[in-house]
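Enquirer: There's a structure below that I have some questions on.
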Amino acid sequence: MGNLNNAVSWVTGATGSIGSAACKALAKSGSHVVVSDIDFDRAQDLSIQLKDLGVEALPIKLDVSDQKGVEYAAKVIKDTFGRLDILVNGAGISPKGKNGRVPVENMDVEEWHRVININLHGAFYTSQAAVKLMKENQSGHIVNIASQAGRSYSAVTGAHYAVSKAGLISLTRQMAGELGPSGIYVNAVAPGRIDTPMIKDVAEEVNRQIINNIPLRRLGTPEEVANTILFLVTPQSSYLTGVVIDINGGRLMI
């Protein structure tokens, strides 16, 4: 799709289904990749796969809700590559109860804070650190992985997840407005029902009902999300910033 030769990309939540697909898409386009994830063993394994594609890959153990840890990761990136061109904010969690989502009235306050800290605060921390590096070259791309749940009511995700993703969409637009004059693009993708382990948190019948309400009558794939992310960081999207691209098979049309 685009030539990212020698670009440096930082992906958080890199070993998840969408995160790893994004890493591979970026690497295939020639970008070096910083593979950051709380699971360092998996980050190392993915880095080996990316190096086989002919790029450099740097695994970093990172909890994005730890601001100091994020700042240290940014320092490592700077020391290793000397620059940062792309940030993909993919780290996120969507905890459920035994019978699916937990309603607001029964939601544990600590779980609420944990989801917001990872999904929203984490993206703020990484974006803040990334922008400082990108401004050195007056260019860069940030892509936030939001969710359809941040767009409308969701019958399968908890309020904490929906709120965190709605906040991420607002953060995307605010940063796009602020950073446009510095040559930094900020966009988001909002996946609908994607075929990842996360959808196994609800009964199979629930997923069948959802598929019946998707015009394309199927789940999306992590690779389809990754392809859209790749589009947003290449010259083909050179006049797009502050946008949220819905990847949901037509289930939600805005």
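Within each chain, counting starts at residue 1; across the structure tokens, chains are named A, B, ... in the order shown, with ligands numbered 1 upward in that order.
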Using DSSP assignments from the backbone, pull out every residue in stretch 113-168 of chain A that falls under helix (DSSP H, G or I) and give it to me as a ChimeraX atom specification.
Expert: /A:113-134,148-150,159-168
Enquirer: Can I get the selection written as a CSV table (one decimal), in the first residue's frame, with N, CA and C atoms?
Expert:
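Listing of selection_23.csv after writing:
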```csv
chain,number,residue,atom,x,y,z
A,113,HIS,N,-11.5,1.6,37.2
A,113,HIS,CA,-10.3,2.4,37.1
A,113,HIS,C,-9.2,1.7,36.3
A,114,ARG,N,-9.1,0.4,36.4
A,114,ARG,CA,-8.1,-0.4,35.6
A,114,ARG,C,-8.4,-0.2,34.1
A,115,VAL,N,-9.6,-0.3,33.7
A,115,VAL,CA,-9.9,-0.2,32.3
A,115,VAL,C,-9.6,1.2,31.8
A,116,ILE,N,-10.0,2.2,32.5
A,116,ILE,CA,-9.8,3.6,32.1
A,116,ILE,C,-8.3,3.9,32.1
A,117,ASN,N,-7.6,3.4,33.1
A,117,ASN,CA,-6.1,3.6,33.2
A,117,ASN,C,-5.4,3.0,32.0
A,118,ILE,N,-5.8,1.8,31.5
A,118,ILE,CA,-5.1,1.2,30.4
A,118,ILE,C,-5.6,1.7,29.1
A,119,ASN,N,-6.9,1.7,28.9
A,119,ASN,CA,-7.4,2.1,27.6
A,119,ASN,C,-7.3,3.5,27.2
A,120,LEU,N,-7.5,4.4,28.2
A,120,LEU,CA,-7.5,5.8,27.9
A,120,LEU,C,-6.3,6.6,28.4
A,121,HIS,N,-6.0,6.4,29.7
A,121,HIS,CA,-4.8,7.1,30.3
A,121,HIS,C,-3.6,6.6,29.6
A,122,GLY,N,-3.5,5.3,29.3
A,122,GLY,CA,-2.3,4.7,28.6
A,122,GLY,C,-2.1,5.4,27.3
A,123,ALA,N,-3.2,5.6,26.5
A,123,ALA,CA,-3.1,6.2,25.2
A,123,ALA,C,-2.6,7.6,25.3
A,124,PHE,N,-3.1,8.3,26.3
A,124,PHE,CA,-2.6,9.7,26.6
A,124,PHE,C,-1.1,9.7,26.9
A,125,TYR,N,-0.7,8.8,27.8
A,125,TYR,CA,0.7,8.8,28.2
A,125,TYR,C,1.6,8.5,26.9
A,126,THR,N,1.2,7.5,26.1
A,126,THR,CA,2.1,7.2,25.0
A,126,THR,C,2.1,8.3,23.9
A,127,SER,N,0.9,8.9,23.7
A,127,SER,CA,0.8,9.9,22.7
A,127,SER,C,1.6,11.1,23.2
A,128,GLN,N,1.6,11.5,24.4
A,128,GLN,CA,2.4,12.6,24.9
A,128,GLN,C,3.8,12.4,24.7
A,129,ALA,N,4.3,11.2,25.0
A,129,ALA,CA,5.7,10.8,24.9
A,129,ALA,C,6.1,10.8,23.4
A,130,ALA,N,5.2,10.3,22.6
A,130,ALA,CA,5.5,10.2,21.1
A,130,ALA,C,5.6,11.5,20.5
A,131,VAL,N,4.7,12.4,20.9
A,131,VAL,CA,4.6,13.7,20.2
A,131,VAL,C,5.9,14.5,20.5
A,132,LYS,N,6.5,14.3,21.6
A,132,LYS,CA,7.8,15.0,21.9
A,132,LYS,C,8.9,14.6,20.9
A,133,LEU,N,8.8,13.3,20.5
A,133,LEU,CA,9.8,12.8,19.6
A,133,LEU,C,9.4,13.2,18.2
A,134,MET,N,8.2,13.2,17.8
A,134,MET,CA,7.7,13.5,16.5
A,134,MET,C,8.0,15.0,16.2
A,148,GLN,N,-16.3,0.4,18.0
A,148,GLN,CA,-17.7,0.7,17.8
A,148,GLN,C,-18.4,1.0,19.1
A,149,ALA,N,-18.0,0.4,20.2
A,149,ALA,CA,-18.6,0.6,21.5
A,149,ALA,C,-18.4,2.0,22.0
A,150,GLY,N,-17.4,2.7,21.4
A,150,GLY,CA,-17.3,4.1,21.7
A,150,GLY,C,-18.1,5.0,20.9
A,159,ALA,N,-19.6,-0.7,30.6
A,159,ALA,CA,-19.6,0.8,30.4
A,159,ALA,C,-18.2,1.3,30.5
A,160,HIS,N,-17.3,0.7,31.3
A,160,HIS,CA,-15.9,1.2,31.4
A,160,HIS,C,-15.2,1.1,30.1
A,161,TYR,N,-15.4,0.0,29.3
A,161,TYR,CA,-14.8,-0.1,28.0
A,161,TYR,C,-15.3,0.9,27.0
A,162,ALA,N,-16.7,1.0,27.0
A,162,ALA,CA,-17.3,2.0,26.1
A,162,ALA,C,-16.9,3.4,26.4
A,163,VAL,N,-16.8,3.8,27.6
A,163,VAL,CA,-16.4,5.1,28.0
A,163,VAL,C,-15.0,5.4,27.6
A,164,SER,N,-14.1,4.4,27.9
A,164,SER,CA,-12.7,4.6,27.5
A,164,SER,C,-12.5,4.8,26.0
A,165,LYS,N,-13.3,4.1,25.2
A,165,LYS,CA,-13.1,4.2,23.8
A,165,LYS,C,-13.8,5.5,23.2
A,166,ALA,N,-14.9,5.9,23.9
A,166,ALA,CA,-15.5,7.2,23.5
A,166,ALA,C,-14.5,8.3,23.8
A,167,GLY,N,-13.8,8.2,25.0
A,167,GLY,CA,-12.8,9.2,25.4
A,167,GLY,C,-11.6,9.2,24.4
A,168,LEU,N,-11.3,8.0,23.9
A,168,LEU,CA,-10.2,7.9,23.0
A,168,LEU,C,-10.5,8.6,21.6
```
Enquirer: Do a neighbour search on stretch 211-215 of chain A at 6 Å with only C-alpha atoms, toss out local chain neighbours closer than 2 positions, and write the hits as a VMD selection string.
Expert: chain A and resid 208 to 209 217 to 218 249 to 251
Enquirer: Save out the residues we just selected, N, CA, C and O atoms, as a compact mmCIF listing (two decimals), in the first residue's frame.
Expert:
```
# COMPACT_ATOMS: atom_id res chain seq x y z
N ARG A 208 -23.54 -15.07 17.03
CA ARG A 208 -24.35 -15.39 15.86
C ARG A 208 -25.41 -14.32 15.61
O ARG A 208 -25.66 -13.92 14.46
N GLN A 209 -26.02 -13.85 16.69
CA GLN A 209 -27.03 -12.79 16.55
C GLN A 209 -26.41 -11.51 16.01
O GLN A 209 -27.01 -10.81 15.19
N ARG A 217 -22.59 -9.88 6.86
CA ARG A 217 -22.86 -11.21 7.42
C ARG A 217 -21.61 -11.99 7.80
O ARG A 217 -21.53 -13.20 7.61
N ARG A 218 -20.63 -11.30 8.33
CA ARG A 218 -19.44 -11.99 8.82
C ARG A 218 -18.71 -11.10 9.80
O ARG A 218 -18.97 -9.89 9.89
N GLY A 249 -18.27 -3.79 8.89
CA GLY A 249 -19.09 -4.54 7.95
C GLY A 249 -20.43 -3.90 7.68
O GLY A 249 -21.35 -4.56 7.17
N GLY A 250 -20.57 -2.62 8.05
CA GLY A 250 -21.84 -1.92 7.82
C GLY A 250 -22.80 -1.99 8.99
O GLY A 250 -23.94 -1.50 8.89
N ARG A 251 -22.37 -2.57 10.10
CA ARG A 251 -23.29 -2.73 11.23
C ARG A 251 -23.70 -1.39 11.83
O ARG A 251 -24.83 -1.19 12.28
```
Enquirer: So which one's closest to A:Leu179, A:Ser154, A:Thr241, A:Thr15, A:Asn144? Using only C-alpha atoms, please.
Expert: A:Thr241
Enquirer: Please identify all polymer residues within 8 Å of A:Ile60, counting only C-alpha atoms, omitting same-chain residues fewer than 6 positions from it, and present them as a count of residues only.
Expert: 7
Enquirer: For A:Ala188, find every residue with an atom within 12 Å (counting only C-alpha atoms), except residues of its own chain fewer than 5 positions away, and show them as number ranges by chain.
Expert: A: 87-90, 123, 141-148, 150, 165-176, 225-226, 228-233, 240-247
Enquirer: Do you have the atom CA of A:Pro95-atom CA of A:Thr157 distance handy?
Expert: 8.1 Å
Enquirer: Would you work out the distance separating atom CA of A:Leu26 from atom CA of A:Ala57, expressed in Å to one decimal?
Expert: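 A separation of 11.0 Å between them.
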Enquirer: With distances taken over only C-alpha atoms, which of A:Gly158, A:Pro191, A:Pro197, A:Pro235 is nearest to A:Val104?
Expert: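 Using only C-alpha atoms, the shortest distance to A:Val104 belongs to A:Gly158.
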Enquirer: Out of A:Leu219, A:Ile93, A:Val102, A:Ile18, which residue has the shortest atom-to-atom distance to A:Val189 when counting only C-alpha atoms?
Expert: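 Closest to A:Val189, using only C-alpha atoms: A:Ile18.
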